[in-house]
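Asks: Next up, work32.cif (mmCIF, C-alpha atoms and all ligand atoms).
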data_run
#
loop_
_atom_site.label_atom_id
_atom_site.label_comp_id
_atom_site.auth_asym_id
_atom_site.auth_seq_id
_atom_site.Cartn_x
_atom_site.Cartn_y
_atom_site.Cartn_z
CA MET L 1 83.34 92.58 89.74
CA THR L 2 82.78 88.99 88.62
CA LEU L 3 80.35 86.08 88.70
CA PHE L 4 83.39 83.77 88.90
CA PRO L 5 85.55 85.01 91.81
CA ASP L 6 87.27 81.62 92.16
CA MET L 7 89.07 82.29 88.87
CA PHE L 8 91.14 85.09 90.37
CA ALA L 9 93.23 83.88 93.33
CA PRO L 10 95.22 81.27 91.36
CA VAL L 11 96.38 84.05 89.02
CA MET L 12 96.30 87.16 91.17
CA ASP L 13 98.14 85.59 94.12
CA ALA L 14 100.83 83.98 92.01
CA SER L 15 104.22 85.31 91.00
CA ILE L 16 104.69 89.09 90.68
CA LEU L 17 101.11 89.93 91.62
CA GLY L 18 101.33 87.83 94.78
CA ARG L 19 104.58 89.54 95.78
CA ALA L 20 103.01 92.93 95.04
CA ARG L 21 100.15 92.09 97.36
CA ASP L 22 102.49 90.81 100.10
CA LYS L 23 104.45 94.09 99.85
CA GLY L 24 101.25 96.11 100.06
CA ALA L 25 102.02 97.64 96.66
CA VAL L 26 98.60 96.54 95.45
CA GLU L 27 95.45 95.14 97.03
CA TRP L 28 92.70 93.33 95.16
CA GLY L 29 89.41 91.64 95.92
CA CYS L 30 86.36 90.24 94.14
CA VAL L 31 82.74 91.29 94.43
CA ASN L 32 80.07 88.99 92.99
CA PRO L 33 76.94 90.64 91.56
CA ARG L 34 75.12 87.42 92.43
CA ASP L 35 75.35 88.47 96.09
CA PHE L 36 73.31 91.53 95.13
CA SER L 37 70.51 89.71 93.34
CA GLU L 38 67.10 90.11 94.98
CA ASP L 39 65.75 87.12 93.13
CA LYS L 40 65.09 84.02 95.22
CA HIS L 41 67.21 82.02 92.80
CA ARG L 42 69.95 84.68 92.90
CA LYS L 43 69.48 85.28 89.19
CA VAL L 44 71.79 87.87 87.60
CA ASP L 45 70.86 87.37 83.97
CA ASP L 46 67.74 87.13 81.88
CA ARG L 47 66.46 86.57 78.36
CA PRO L 48 66.99 89.44 75.90
CA PHE L 49 63.93 91.51 75.08
CA GLY L 50 63.20 91.22 71.38
CA GLY L 51 64.46 87.61 71.37
CA GLY L 52 67.84 86.29 70.29
CA PRO L 53 70.34 83.73 71.60
CA GLY L 54 71.90 83.60 75.04
CA MET L 55 71.33 85.56 78.24
CA ILE L 56 71.94 89.19 79.20
CA MET L 57 73.45 90.35 82.49
CA SER L 58 70.78 92.28 84.44
CA VAL L 59 71.50 95.87 85.36
CA GLU L 60 70.09 95.93 88.93
CA PRO L 61 72.41 93.42 90.69
CA LEU L 62 75.32 95.06 88.87
CA GLU L 63 74.21 98.51 90.03
CA ARG L 64 73.99 97.39 93.66
CA ALA L 65 77.33 95.54 93.47
CA ILE L 66 79.15 98.54 91.99
CA ALA L 67 77.55 100.89 94.53
CA SER L 68 78.90 98.62 97.30
CA VAL L 69 82.52 99.26 96.26
CA ARG L 70 82.51 102.60 94.46
CA LYS L 71 84.17 105.36 96.48
CA GLU L 72 85.77 108.77 95.91
CA GLY L 73 88.34 108.34 93.12
CA SER L 74 87.09 104.94 91.90
CA LYS L 75 87.39 104.33 88.18
CA VAL L 76 84.83 101.77 87.04
CA ILE L 77 85.95 100.00 83.86
CA PHE L 78 83.78 97.57 81.91
CA LEU L 79 85.79 94.96 79.99
CA SER L 80 84.19 94.46 76.59
CA PRO L 81 85.13 93.99 72.90
CA GLN L 82 83.46 97.36 72.25
CA GLY L 83 85.87 99.26 74.48
CA ASP L 84 88.99 101.24 73.65
CA THR L 85 91.86 98.85 72.97
CA PHE L 86 94.06 98.33 76.03
CA SER L 87 97.74 99.24 75.58
CA ASP L 88 100.96 99.81 77.49
CA LYS L 89 100.15 103.53 77.43
CA LYS L 90 96.73 102.86 78.96
CA ALA L 91 98.33 100.61 81.58
CA SER L 92 100.66 103.47 82.56
CA GLU L 93 97.71 105.86 82.78
CA LEU L 94 95.83 103.45 85.03
CA THR L 95 98.74 103.30 87.50
CA GLN L 96 97.72 106.84 88.48
CA GLU L 97 94.29 105.67 89.66
CA GLY L 98 93.80 104.94 93.36
CA HIS L 99 91.00 102.40 92.87
CA LEU L 100 90.08 100.41 89.78
CA VAL L 101 86.79 98.52 89.63
CA LEU L 102 87.13 96.04 86.75
CA VAL L 103 83.66 94.84 85.73
CA CYS L 104 83.66 91.46 83.97
CA GLY L 105 80.92 90.90 81.47
CA HIS L 106 79.55 87.43 80.85
CA TYR L 107 77.00 85.67 78.65
CA GLU L 108 75.94 87.57 75.53
CA GLY L 109 76.71 90.82 77.31
CA VAL L 110 75.17 93.33 79.68
CA ASP L 111 71.95 95.37 79.61
CA GLU L 112 72.83 98.52 77.63
CA ARG L 113 71.52 100.73 80.43
CA ALA L 114 74.34 99.44 82.66
CA MET L 115 76.74 101.51 80.56
CA ALA L 116 75.65 104.45 82.76
CA LEU L 117 77.34 102.67 85.69
CA PHE L 118 80.78 102.57 84.03
CA ASP L 119 83.37 105.32 83.65
CA GLU L 120 84.86 103.63 80.59
CA GLU L 121 84.99 100.50 78.46
CA LEU L 122 88.22 98.62 77.71
CA SER L 123 88.90 95.83 75.22
CA VAL L 124 91.91 93.52 75.38
CA GLY L 125 91.63 92.75 71.68
CA ASP L 126 89.34 92.10 68.76
CA TYR L 127 88.10 88.64 69.63
CA VAL L 128 85.24 87.32 71.75
CA LEU L 129 85.96 85.58 75.05
CA THR L 130 83.57 83.73 77.36
CA GLY L 131 83.80 86.39 80.03
CA GLY L 132 85.63 89.52 81.05
CA GLU L 133 87.60 87.68 83.77
CA ILE L 134 90.73 86.95 81.74
CA PRO L 135 90.72 90.52 80.36
CA ALA L 136 90.39 91.86 83.94
CA MET L 137 93.36 89.78 85.12
CA LEU L 138 95.34 90.86 82.06
CA VAL L 139 94.70 94.54 82.84
CA ALA L 140 95.46 94.02 86.55
CA ASP L 141 98.73 92.28 85.71
CA ALA L 142 99.90 94.89 83.20
CA VAL L 143 99.07 97.75 85.60
CA ALA L 144 100.36 96.17 88.84
CA ARG L 145 103.80 95.41 87.39
CA LYS L 146 104.22 99.11 86.65
CA LEU L 147 103.57 100.14 90.26
CA PRO L 148 106.57 101.25 92.36
CA GLY L 149 108.11 98.44 94.38
CA VAL L 150 106.45 95.63 92.44
CA LEU L 151 109.24 94.58 90.10
CA LYS L 152 112.67 93.87 91.61
CA LYS L 153 114.52 96.28 89.34
CA GLU L 154 112.60 99.54 88.75
CA ASP L 155 114.08 99.96 85.30
CA ALA L 156 112.88 96.50 84.24
CA VAL L 157 109.66 98.19 83.13
CA GLU L 158 111.23 101.11 81.28
CA SER L 159 113.29 98.81 79.02
CA GLU L 160 110.42 96.38 78.38
CA SER L 161 108.77 96.13 74.99
CA PHE L 162 106.33 98.90 74.14
CA ALA L 163 107.52 101.09 77.02
CA THR L 164 110.44 102.00 74.76
CA GLY L 165 108.27 101.85 71.66
CA LEU L 166 110.40 98.95 70.42
CA LEU L 167 110.23 95.21 70.99
CA ASP L 168 112.58 93.76 73.59
CA PHE L 169 116.18 93.05 72.62
CA PRO L 170 117.10 89.31 72.39
CA GLN L 171 118.07 87.78 75.74
CA TYR L 172 120.46 84.86 76.39
CA THR L 173 121.53 82.75 79.36
CA ARG L 174 123.49 79.50 79.95
CA PRO L 175 124.55 77.38 78.13
CA ARG L 176 126.93 79.60 76.18
CA VAL L 177 126.66 77.27 73.15
CA TRP L 178 123.48 75.34 72.40
CA ARG L 179 123.34 73.00 69.40
CA GLY L 180 126.23 74.92 67.88
CA ARG L 181 124.53 78.30 68.35
CA GLU L 182 126.68 80.71 70.32
CA VAL L 183 125.63 83.68 72.46
CA PRO L 184 126.71 87.00 70.83
CA GLU L 185 130.33 87.66 71.94
CA VAL L 186 129.61 91.31 72.82
CA LEU L 187 127.60 90.17 75.85
CA PHE L 188 130.81 88.84 77.45
CA SER L 189 132.81 92.01 76.74
CA GLY L 190 132.05 93.69 80.06
CA ASP L 191 131.72 96.91 78.06
CA HIS L 192 128.30 98.11 79.23
CA LYS L 193 128.15 100.93 76.70
CA LYS L 194 128.88 98.53 73.86
CA ILE L 195 126.35 96.03 75.22
CA ALA L 196 123.68 98.74 75.53
CA GLU L 197 124.35 99.85 71.94
CA TRP L 198 124.20 96.26 70.66
CA ARG L 199 120.91 95.74 72.52
CA ARG L 200 119.43 98.93 71.09
CA GLN L 201 120.36 97.87 67.56
CA ALA L 202 119.08 94.35 68.17
CA ALA L 203 115.77 95.74 69.47
CA ARG L 204 115.41 97.87 66.35
CA SER L 205 116.16 94.88 64.09
CA ALA L 206 113.65 92.72 65.96
CA THR L 207 111.03 95.44 65.70
CA LYS L 208 111.74 96.03 61.98
CA ARG L 209 111.39 92.31 61.32
CA LYS L 210 108.39 91.49 63.57
CA ARG L 211 106.50 94.76 64.08
CA PRO L 212 107.52 97.37 61.47
CA ASP L 213 104.35 99.29 62.38
CA LEU L 214 105.92 100.15 65.74
CA LEU L 215 109.10 101.57 64.24
CA SER L 216 107.49 104.79 63.03
CA ARG L 217 106.23 105.49 66.56
CA ALA L 218 109.41 104.43 68.41
C1 LIG L 301 86.38 91.04 76.01
C2 LIG L 301 87.42 91.48 75.16
C3 LIG L 301 85.40 89.97 75.72
C4 LIG L 301 82.30 89.26 75.32
C5 LIG L 301 81.04 88.51 75.72
C6 LIG L 301 82.52 88.63 77.61
C7 LIG L 301 83.32 88.86 76.37
C8 LIG L 301 81.16 88.19 77.17
N1 LIG L 301 86.41 91.77 77.15
N2 LIG L 301 88.07 92.47 75.83
N3 LIG L 301 87.76 91.03 73.93
N4 LIG L 301 84.36 89.87 76.56
O1 LIG L 301 85.55 89.26 74.74
O2 LIG L 301 87.46 92.63 77.01
O3 LIG L 301 80.18 88.95 77.86
#
Spell out the structure here as structure tokens.
Ligand code: 4FV

Replies:
Amino acid sequence: MTLFPDMFAPVMDASILGRARDKGAVEWGCVNPRDFSEDKHRKVDDRPFGGGPGMIMSVEPLERAIASVRKEGSKVIFLSPQGDTFSDKKASELTQEGHLVLVCGHYEGVDERAMALFDEELSVGDYVLTGGEIPAMLVADAVARKLPGVLKKEDAVESESFATGLLDFPQYTRPRVWRGREVPEVLFSGDHKKIAEWRRQAARSATKRKRPDLLSRA
């Protein structure tokens, strides 16, 4: 649900998300509240009552736009800094939903009464963006890649950062030596058990060094 639908195709049809759509693993589309404005200038925002800077998204076009897509089992999520913080755990939970309606705020925000239209509020982090579009694409990306058949190797998700509770282990590829820095010998041993153990240890070291807060939960 966005006032800027043109922002989405370049991201949502690229790479993994594009393949997911081609495989039918996920379908997405944009609905523009502006198409539901009954104002002759197709207005979707207005000045805030009580004064103050900027414009507020009006509730009525939003209500009609959401009603045009909401169906049995839809989960309507408003992207906003005031929402619960998005996480890998939340992304996994959202894979169980049949239909996500991601509502992108814009301007100074949305009329407070529109909160009644949403099932929940999600934030992608404690900073203020211009609109909810990038957050919506972020959520769509993190959820879609967890859907069956989207990533080439199913287990690629299980071993990813956060899914294991740890950061990813260090990865290497050619050349074998780069500016005198060699790839760890164990990776050429062919001993998969030894490699898995080395990777587990390396993931723990990386987590301890970069994100000690995660270690206690790993
Ligand atoms: C945001 C966030 C975010 C706030 C004003 C849109 C903007 C404008 N959304 N996580 N952080 N939204 O900054 O989700 O309406």

Asks: Which is closest to L:Leu94 among L:Val143, L:Ala218, L:Leu167, L:Ala65, if we use only C-alpha atoms?

Replies: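 The closest residue to L:Leu94 is L:Val143.
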
Asks: Compile a residue-level contact table for chain L against ligand LIG 301 (chain L) at a cut-off of 7 Å, reporting for every qualifying residue the shortest atom pair and its distance in Å to one decimal, with all atoms listed in the file counted, rows ordered by chain and ascending number, as JSON lines.

Replies:
{"residue": "L:Leu79", "atom": "CA", "partner": "L:LIG301", "partner_atom": "O2", "distance": 4.1}
{"residue": "L:Ser80", "atom": "CA", "partner": "L:LIG301", "partner_atom": "N1", "distance": 3.5}
{"residue": "L:Pro81", "atom": "CA", "partner": "L:LIG301", "partner_atom": "C2", "distance": 4.1}
{"residue": "L:Gly105", "atom": "CA", "partner": "L:LIG301", "partner_atom": "O3", "distance": 4.2}
{"residue": "L:His106", "atom": "CA", "partner": "L:LIG301", "partner_atom": "O3", "distance": 3.4}
{"residue": "L:Tyr107", "atom": "CA", "partner": "L:LIG301", "partner_atom": "O3", "distance": 4.6}
{"residue": "L:Glu108", "atom": "CA", "partner": "L:LIG301", "partner_atom": "O3", "distance": 5.0}
{"residue": "L:Gly109", "atom": "CA", "partner": "L:LIG301", "partner_atom": "O3", "distance": 4.0}
{"residue": "L:Val110", "atom": "CA", "partner": "L:LIG301", "partner_atom": "O3", "distance": 6.9}
{"residue": "L:Leu122", "atom": "CA", "partner": "L:LIG301", "partner_atom": "O2", "distance": 6.1}
{"residue": "L:Ser123", "atom": "CA", "partner": "L:LIG301", "partner_atom": "N2", "distance": 3.5}
{"residue": "L:Val124", "atom": "CA", "partner": "L:LIG301", "partner_atom": "N2", "distance": 4.0}
{"residue": "L:Gly125", "atom": "CA", "partner": "L:LIG301", "partner_atom": "N3", "distance": 4.8}
{"residue": "L:Asp126", "atom": "CA", "partner": "L:LIG301", "partner_atom": "N3", "distance": 5.5}
{"residue": "L:Tyr127", "atom": "CA", "partner": "L:LIG301", "partner_atom": "N3", "distance": 4.9}
{"residue": "L:Val128", "atom": "CA", "partner": "L:LIG301", "partner_atom": "O1", "distance": 3.6}
{"residue": "L:Leu129", "atom": "CA", "partner": "L:LIG301", "partner_atom": "O1", "distance": 3.7}
{"residue": "L:Thr130", "atom": "CA", "partner": "L:LIG301", "partner_atom": "C6", "distance": 5.0}
{"residue": "L:Gly131", "atom": "CA", "partner": "L:LIG301", "partner_atom": "C6", "distance": 3.5}
{"residue": "L:Gly132", "atom": "CA", "partner": "L:LIG301", "partner_atom": "N1", "distance": 4.6}
{"residue": "L:Pro135", "atom": "CA", "partner": "L:LIG301", "partner_atom": "O2", "distance": 5.1}

Asks: List as a CSV table (one decimal) with C-alpha atoms, in the frame of the given file the protein and nucleic acid residues near L:Glu185, meaning an atom at most 12 Å away when all atoms listed in the file are counted, but skip any in the same chain fewer than 5 places from it.

Replies:
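So around35.csv came out as:
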chain,number,residue,atom,x,y,z
L,172,TYR,CA,120.5,84.9,76.4
L,176,ARG,CA,126.9,79.6,76.2
L,177,VAL,CA,126.7,77.3,73.2
L,190,GLY,CA,132.0,93.7,80.1
L,191,ASP,CA,131.7,96.9,78.1
L,194,LYS,CA,128.9,98.5,73.9
L,195,ILE,CA,126.4,96.0,75.2
L,198,TRP,CA,124.2,96.3,70.7

Asks: Need the shell around L:Leu17: protein/DNA/RNA residues with any atom at most 9 Å away, counting all atoms listed in the file. Skip same-chain ones fewer than 2 positions apart. Format as a list in words?

Replies: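 Those residues are Val11, Met12, Asp13, Ala14, Ser15, Arg19, Ala20, Arg21, Asp22, Val26, Ala140, Asp141, Ala144, Arg145 and Val150 of chain L.
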
Asks: Hey, can you check how far atom CA of L:Met57 sits from atom CA of L:His99?

Replies: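 Atom CA of L:Met57 sits 23.7 Å away from atom CA of L:His99.
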
Asks: What would stretch 173-191 of chain L look like with N, CA, C and O atoms restored, written as a PDB file, keeping the file's coordinate frame?

Replies:
ATOM      1  N   THR L 173     120.969  83.209  78.092  1.00  0.00           N
ATOM      2  CA  THR L 173     121.530  82.750  79.360  1.00  0.00           C
ATOM      3  C   THR L 173     122.231  81.411  79.096  1.00  0.00           C
ATOM      4  O   THR L 173     122.304  80.972  77.943  1.00  0.00           O
ATOM      5  N   ARG L 174     122.755  80.763  80.163  1.00  0.00           N
ATOM      6  CA  ARG L 174     123.490  79.500  79.950  1.00  0.00           C
ATOM      7  C   ARG L 174     122.571  78.490  79.246  1.00  0.00           C
ATOM      8  O   ARG L 174     121.351  78.488  79.465  1.00  0.00           O
ATOM      9  N   PRO L 175     123.114  77.568  78.402  1.00  0.00           N
ATOM     10  CA  PRO L 175     124.550  77.380  78.130  1.00  0.00           C
ATOM     11  C   PRO L 175     125.049  78.408  77.107  1.00  0.00           C
ATOM     12  O   PRO L 175     124.258  78.919  76.313  1.00  0.00           O
ATOM     13  N   ARG L 176     126.346  78.607  77.078  1.00  0.00           N
ATOM     14  CA  ARG L 176     126.930  79.600  76.180  1.00  0.00           C
ATOM     15  C   ARG L 176     126.821  79.130  74.728  1.00  0.00           C
ATOM     16  O   ARG L 176     126.715  79.924  73.813  1.00  0.00           O
ATOM     17  N   VAL L 177     126.865  77.810  74.504  1.00  0.00           N
ATOM     18  CA  VAL L 177     126.660  77.270  73.150  1.00  0.00           C
ATOM     19  C   VAL L 177     125.555  76.210  73.248  1.00  0.00           C
ATOM     20  O   VAL L 177     125.566  75.357  74.122  1.00  0.00           O
ATOM     21  N   TRP L 178     124.599  76.297  72.391  1.00  0.00           N
ATOM     22  CA  TRP L 178     123.480  75.340  72.400  1.00  0.00           C
ATOM     23  C   TRP L 178     123.266  74.873  70.970  1.00  0.00           C
ATOM     24  O   TRP L 178     122.993  75.677  70.074  1.00  0.00           O
ATOM     25  N   ARG L 179     123.456  73.596  70.747  1.00  0.00           N
ATOM     26  CA  ARG L 179     123.340  73.000  69.400  1.00  0.00           C
ATOM     27  C   ARG L 179     124.132  73.827  68.390  1.00  0.00           C
ATOM     28  O   ARG L 179     123.636  74.174  67.315  1.00  0.00           O
ATOM     29  N   GLY L 180     125.328  74.215  68.796  1.00  0.00           N
ATOM     30  CA  GLY L 180     126.230  74.920  67.880  1.00  0.00           C
ATOM     31  C   GLY L 180     125.928  76.404  67.774  1.00  0.00           C
ATOM     32  O   GLY L 180     126.641  77.147  67.100  1.00  0.00           O
ATOM     33  N   ARG L 181     124.876  76.864  68.449  1.00  0.00           N
ATOM     34  CA  ARG L 181     124.530  78.300  68.350  1.00  0.00           C
ATOM     35  C   ARG L 181     125.090  79.043  69.561  1.00  0.00           C
ATOM     36  O   ARG L 181     124.755  78.745  70.705  1.00  0.00           O
ATOM     37  N   GLU L 182     125.973  80.004  69.252  1.00  0.00           N
ATOM     38  CA  GLU L 182     126.680  80.710  70.320  1.00  0.00           C
ATOM     39  C   GLU L 182     125.933  81.996  70.733  1.00  0.00           C
ATOM     40  O   GLU L 182     125.218  82.596  69.934  1.00  0.00           O
ATOM     41  N   VAL L 183     126.153  82.383  71.979  1.00  0.00           N
ATOM     42  CA  VAL L 183     125.630  83.680  72.460  1.00  0.00           C
ATOM     43  C   VAL L 183     126.509  84.776  71.853  1.00  0.00           C
ATOM     44  O   VAL L 183     127.739  84.603  71.763  1.00  0.00           O
ATOM     45  N   PRO L 184     125.905  85.909  71.400  1.00  0.00           N
ATOM     46  CA  PRO L 184     126.710  87.000  70.830  1.00  0.00           C
ATOM     47  C   PRO L 184     127.874  87.388  71.758  1.00  0.00           C
ATOM     48  O   PRO L 184     127.664  87.632  72.952  1.00  0.00           O
ATOM     49  N   GLU L 185     129.087  87.437  71.190  1.00  0.00           N
ATOM     50  CA  GLU L 185     130.330  87.660  71.940  1.00  0.00           C
ATOM     51  C   GLU L 185     130.268  88.978  72.743  1.00  0.00           C
ATOM     52  O   GLU L 185     130.729  89.039  73.892  1.00  0.00           O
ATOM     53  N   VAL L 186     129.629  89.964  72.178  1.00  0.00           N
ATOM     54  CA  VAL L 186     129.610  91.310  72.820  1.00  0.00           C
ATOM     55  C   VAL L 186     129.082  91.218  74.253  1.00  0.00           C
ATOM     56  O   VAL L 186     129.482  91.990  75.131  1.00  0.00           O
ATOM     57  N   LEU L 187     128.216  90.252  74.519  1.00  0.00           N
ATOM     58  CA  LEU L 187     127.600  90.170  75.850  1.00  0.00           C
ATOM     59  C   LEU L 187     128.576  89.734  76.929  1.00  0.00           C
ATOM     60  O   LEU L 187     128.295  89.827  78.128  1.00  0.00           O
ATOM     61  N   PHE L 188     129.767  89.256  76.483  1.00  0.00           N
ATOM     62  CA  PHE L 188     130.810  88.840  77.450  1.00  0.00           C
ATOM     63  C   PHE L 188     131.922  89.880  77.521  1.00  0.00           C
ATOM     64  O   PHE L 188     132.940  89.679  78.177  1.00  0.00           O
ATOM     65  N   SER L 189     131.716  91.024  76.834  1.00  0.00           N
ATOM     66  CA  SER L 189     132.810  92.010  76.740  1.00  0.00           C
ATOM     67  C   SER L 189     132.977  92.799  78.047  1.00  0.00           C
ATOM     68  O   SER L 189     134.037  93.373  78.289  1.00  0.00           O
ATOM     69  N   GLY L 190     131.939  92.878  78.841  1.00  0.00           N
ATOM     70  CA  GLY L 190     132.050  93.690  80.060  1.00  0.00           C
ATOM     71  C   GLY L 190     131.970  95.173  79.761  1.00  0.00           C
ATOM     72  O   GLY L 190     131.989  96.006  80.652  1.00  0.00           O
ATOM     73  N   ASP L 191     131.808  95.494  78.460  1.00  0.00           N
ATOM     74  CA  ASP L 191     131.720  96.910  78.060  1.00  0.00           C
ATOM     75  C   ASP L 191     130.239  97.290  78.010  1.00  0.00           C
ATOM     76  O   ASP L 191     129.556  97.051  77.016  1.00  0.00           O
TER      77      ASP L 191
END
